[in-house]
Amino acid sequence: MDERRRATLRSVVDTLAPDDARVERVTEYAAAAIDGLTPGRRSDLFRLLDLLWLPMKGGDGMRAATLRMLASSPSVRLRAGFAALKRLSLFIAYAESEPGSENPTWTRIGYPGPRDDARADPAPLPLATARAGERVRADVVVIGSGAGGGVIASSFARAGKHVVVLEAGGAFGPRAFTQREMMTAELYLDGGLTSSSDLGVVILAGATVGGGTTVNWCTCLRLPERISSEWDAHSGIAGLGAELAPHYDAIEQRLAIAPSATHNANNQTILDGARALGVHAAAQPRNTARDCGDGCGYCGYGCAYDRKHSAAWGLLPDVALGGGAIYANASALRIESSNGRARSVIARQSAAPGDVREFEIEADLVAVCAGALRTPGLLAASAIRAPLLGRRLFLHPVAAAVAEFDHPVEPWRGPMQTAYSDAFNYRSGNYGTKVEAAPAHPGMAALALPWPSRAAHADWMGRFRNAATLFALTRDRDPGYVELDAEAAIRYRLSPFDGENLLAGLAGLFDLGFAAGAVRMGTLHTAPIEVERAQWTASYRNEFARRLQRIGVEPNRQILFSAHQMGTAAMGSDCATSVVDPAGRVWGFENLLVADASVFPQSSGVNPMVTIMAMAARIAVQNGGV
């Protein structure tokens, strides 16, 4: 990021961000984020900044017109370039803050910022620090500490095994969760900048001790029986779904999973709209404490009150109790093996800034639980070959809509994701969209909302306090894939089949929102579609649905999200059509397991956390765990 590129970036930020943003601070944060990208992605952005150098030296009108031209360009690459700069600039403009230096935009939009009530202070998980060149001995080494890794580590620790856990992300206790959106850079994969290679899908994946269970929104839904039967047939493993039942039972008891008893205004929109329409809606089961109170609304940045029953809360303590060790900031580089047996894991730990230590863990059993985006690359780096490795990536793509009311909703406040609706699900066999609500803090809202101009975007943000943020999550039938090199590029585009289902669900969001009393609703297209309540007649609705289908789902015509990544190392009964066998062992290996969402034979259609846990528990039991 040389001085010319930095100056161009500053001009971009100044054009996109509202008048009350701290442009210099936003530019510095954005420049640091770009410098932290993988070489390929960084190079792409450098080329774009070089292209924009002359236009960004012009006046406000020229700069804004140039950015609008990029946003609506027929070129996928140019639309992606705009999306990268817009999302990064506007997220930081509304999210950046520090104690004693709160964001000046917050007053304008009515955002309270972090709470000042007492935080929890439980005993921290004991963490290990490696010595350079050290050789550690373990019965079991687990790579990853999220839903799958937490269950595997707990199961073998309770079976009396000496367990070592490697987590590439950092470790944070409740007092370290600041409730500031800028923690995204520390808690999420790629500093929160993960996306499909064309930026068509923004991808949220946890990358901290506890993995996604530390930062997710607490939804705990079992795999539906009709999809479970499909998994059986596709994997060739008869009764696979039925085998998960006792593991679901045990997990739900251990993590105290139960339907939410209270709903904030954001989630109440789903319940009210469904009741008015006479369609399905229900309370979500969630893994939170009964005394979670009003639900702070900051679960996406870790629980400061120790009331989220995550892997770090309920599973990883078993490792310490069993005398094992947890290494944070420790990335697995490769698995050493010979004669069909995994022998050790070569890892690298960042013990402190500038202090990086490589070490080795010898183990009788290796369990890879690095997630669907990272497990394939690690296996490939370990000289493991399989035709489907990295293939069949499912993302549950999400399209969102904003429902504006004539009273405050404050989508950042209260228990999150407590209600859902299947009213638009199963429209094409077992495929369709599930409706849920997203908690939206200012940075994420600013990233997602359209930017026709600085003034228009600032106006959207000024009204956002009164908005409910609904989304349609589609169960994707047609997968993408992950590259197996160091870049780990995510190649994914919605197929016509999945796109049609997603857009039908997006139209359904408008039905629910208006039925719940919204005065206005809008899409997140680059050229947003805003609809007033009086317009929403049957004939208008039909034309609206047709309009969505005409626009389609080309990358960056509207922003799409994913918080669920599945597949890429599928389980099955045939080594030609799967990566791991029915017991979770990599084909051809006696003691190398995969136990995360990458083993899913197809997408789950529901939030996958407890299914990952149940699959991991099944794999653990079949390989000597309890």
# chains A, B, ... in the order shown; residues from 1 in each chain; ligands from 1
>>> residues_around(residues="Leu333 of chain A", least_positions_apart="4", cutoff="7 Å", atoms="only C-alpha atoms", output="PyMOL selection string")
chain A and resi 346-348+378
>>> write_last_selection(atoms="N, CA and C atoms", output="mmCIF file, in the first residue's frame")
data_model
loop_
_atom_site.group_PDB
_atom_site.id
_atom_site.type_symbol
_atom_site.label_atom_id
_atom_site.label_comp_id
_atom_site.auth_asym_id
_atom_site.auth_seq_id
_atom_site.Cartn_x
_atom_site.Cartn_y
_atom_site.Cartn_z
ATOM 1 N N ILE A 346 2.539 -31.002 12.092
ATOM 2 C CA ILE A 346 3.480 -29.900 12.166
ATOM 3 C C ILE A 346 2.657 -28.619 12.293
ATOM 4 N N ALA A 347 2.933 -27.844 13.333
ATOM 5 C CA ALA A 347 2.139 -26.649 13.627
ATOM 6 C C ALA A 347 3.044 -25.442 13.812
ATOM 7 N N ARG A 348 2.445 -24.283 13.685
ATOM 8 C CA ARG A 348 3.163 -23.021 13.875
ATOM 9 C C ARG A 348 2.320 -22.125 14.766
ATOM 10 N N LEU A 378 -5.721 -28.253 4.186
ATOM 11 C CA LEU A 378 -4.797 -28.926 5.088
ATOM 12 C C LEU A 378 -4.561 -30.365 4.643
#
>>> residues_around(residues="Leu85 of chain A", least_positions_apart="2", cutoff="10 Å", atoms="only C-alpha atoms", output="ChimeraX atom specification")
/A:9,12-13,16,30,34,45,48-49,67,80-83,87-91,447
>>> closest_residue(among="A:His396, A:Thr375, A:Pro415, A:Ser578", to="Lys308 of chain A", atoms="only C-alpha atoms")
A:Pro415
>>> closest_atom_pairs(of="segment 95-126 of chain A", to="segment 200-223 of chain A", cutoff="12 Å", atoms="only C-alpha atoms", output="JSON lines")
{"residue": "A:Pro124", "atom": "CA", "partner": "A:Val209", "partner_atom": "CA", "distance": 11.6}
{"residue": "A:Leu125", "atom": "CA", "partner": "A:Val209", "partner_atom": "CA", "distance": 9.7}
{"residue": "A:Pro126", "atom": "CA", "partner": "A:Val209", "partner_atom": "CA", "distance": 11.7}
>>> write_last_selection(atoms="N, CA, C and O atoms", output="CSV table (one decimal), in the first residue's frame")
chain,number,residue,atom,x,y,z
A,124,PRO,N,-10.3,-18.7,33.2
A,124,PRO,CA,-10.0,-18.9,31.8
A,124,PRO,C,-9.6,-20.3,31.5
A,124,PRO,O,-9.1,-21.1,32.4
A,125,LEU,N,-9.8,-20.7,30.2
A,125,LEU,CA,-9.3,-22.0,29.8
A,125,LEU,C,-7.7,-21.9,29.9
A,125,LEU,O,-7.1,-20.9,29.4
A,126,PRO,N,-7.1,-22.9,30.4
A,126,PRO,CA,-5.6,-22.9,30.4
A,126,PRO,C,-5.1,-23.1,29.0
A,126,PRO,O,-5.5,-24.0,28.3
>>> closest_residue(among="A:Met416, A:Val626, A:Val531, A:Ile326", to="Tyr298 of chain A", atoms="only C-alpha atoms")
A:Met416
>>> residues_around(residues="Glu483 of chain A", least_positions_apart="3", cutoff="10 Å", atoms="only C-alpha atoms", output="PDB file with N, CA and C atoms, in the first residue's frame")
ATOM      1  N   LEU A 373     -13.968 -24.720   4.921  1.00  0.00           N
ATOM      2  CA  LEU A 373     -13.135 -23.860   4.085  1.00  0.00           C
ATOM      3  C   LEU A 373     -11.648 -24.135   4.238  1.00  0.00           C
ATOM      4  N   ARG A 374     -11.237 -24.741   5.349  1.00  0.00           N
ATOM      5  CA  ARG A 374      -9.811 -24.942   5.610  1.00  0.00           C
ATOM      6  C   ARG A 374      -9.400 -26.411   5.688  1.00  0.00           C
ATOM      7  N   PRO A 376     -10.049 -28.934   3.617  1.00  0.00           N
ATOM      8  CA  PRO A 376      -9.534 -29.496   2.356  1.00  0.00           C
ATOM      9  C   PRO A 376      -8.089 -29.093   2.073  1.00  0.00           C
ATOM     10  N   GLY A 377      -7.755 -27.830   2.291  1.00  0.00           N
ATOM     11  CA  GLY A 377      -6.400 -27.366   2.025  1.00  0.00           C
ATOM     12  C   GLY A 377      -5.375 -28.032   2.909  1.00  0.00           C
ATOM     13  N   ALA A 380      -4.875 -31.531   1.598  1.00  0.00           N
ATOM     14  CA  ALA A 380      -4.096 -31.488   0.359  1.00  0.00           C
ATOM     15  C   ALA A 380      -2.627 -31.194   0.643  1.00  0.00           C
ATOM     16  N   LEU A 389     -12.104 -34.014  -2.863  1.00  0.00           N
ATOM     17  CA  LEU A 389     -11.546 -33.137  -1.836  1.00  0.00           C
ATOM     18  C   LEU A 389     -11.653 -31.683  -2.287  1.00  0.00           C
ATOM     19  N   GLY A 390     -12.288 -30.874  -1.464  1.00  0.00           N
ATOM     20  CA  GLY A 390     -12.515 -29.477  -1.787  1.00  0.00           C
ATOM     21  C   GLY A 390     -13.755 -29.223  -2.621  1.00  0.00           C
ATOM     22  N   ARG A 391     -14.359 -30.285  -3.151  1.00  0.00           N
ATOM     23  CA  ARG A 391     -15.543 -30.138  -4.008  1.00  0.00           C
ATOM     24  C   ARG A 391     -16.819 -30.160  -3.148  1.00  0.00           C
ATOM     25  N   ALA A 486      -2.600 -22.367  -1.403  1.00  0.00           N
ATOM     26  CA  ALA A 486      -2.482 -21.500  -0.238  1.00  0.00           C
ATOM     27  C   ALA A 486      -3.537 -20.396  -0.220  1.00  0.00           C
ATOM     28  N   GLU A 487      -4.003 -19.954  -1.385  1.00  0.00           N
ATOM     29  CA  GLU A 487      -5.023 -18.907  -1.431  1.00  0.00           C
ATOM     30  C   GLU A 487      -6.380 -19.416  -0.947  1.00  0.00           C
ATOM     31  N   ALA A 488      -6.647 -20.712  -1.126  1.00  0.00           N
ATOM     32  CA  ALA A 488      -7.920 -21.320  -0.725  1.00  0.00           C
ATOM     33  C   ALA A 488      -9.109 -20.531  -1.264  1.00  0.00           C
ATOM     34  N   ALA A 489      -9.012 -20.109  -2.523  1.00  0.00           N
ATOM     35  CA  ALA A 489     -10.095 -19.326  -3.129  1.00  0.00           C
ATOM     36  C   ALA A 489     -11.387 -20.131  -3.153  1.00  0.00           C
ATOM     37  N   ILE A 490     -12.491 -19.434  -2.902  1.00  0.00           N
ATOM     38  CA  ILE A 490     -13.811 -20.059  -2.825  1.00  0.00           C
ATOM     39  C   ILE A 490     -14.545 -19.779  -4.132  1.00  0.00           C
ATOM     40  N   ARG A 491     -14.756 -20.815  -4.922  1.00  0.00           N
ATOM     41  CA  ARG A 491     -15.424 -20.665  -6.218  1.00  0.00           C
ATOM     42  C   ARG A 491     -16.889 -21.083  -6.055  1.00  0.00           C
TER      43      ARG A 491
END
>>> atom_distance(atom1="atom CA of Thr262 of chain A", atom2="atom CA of Gly148 of chain A")
28.9 Å
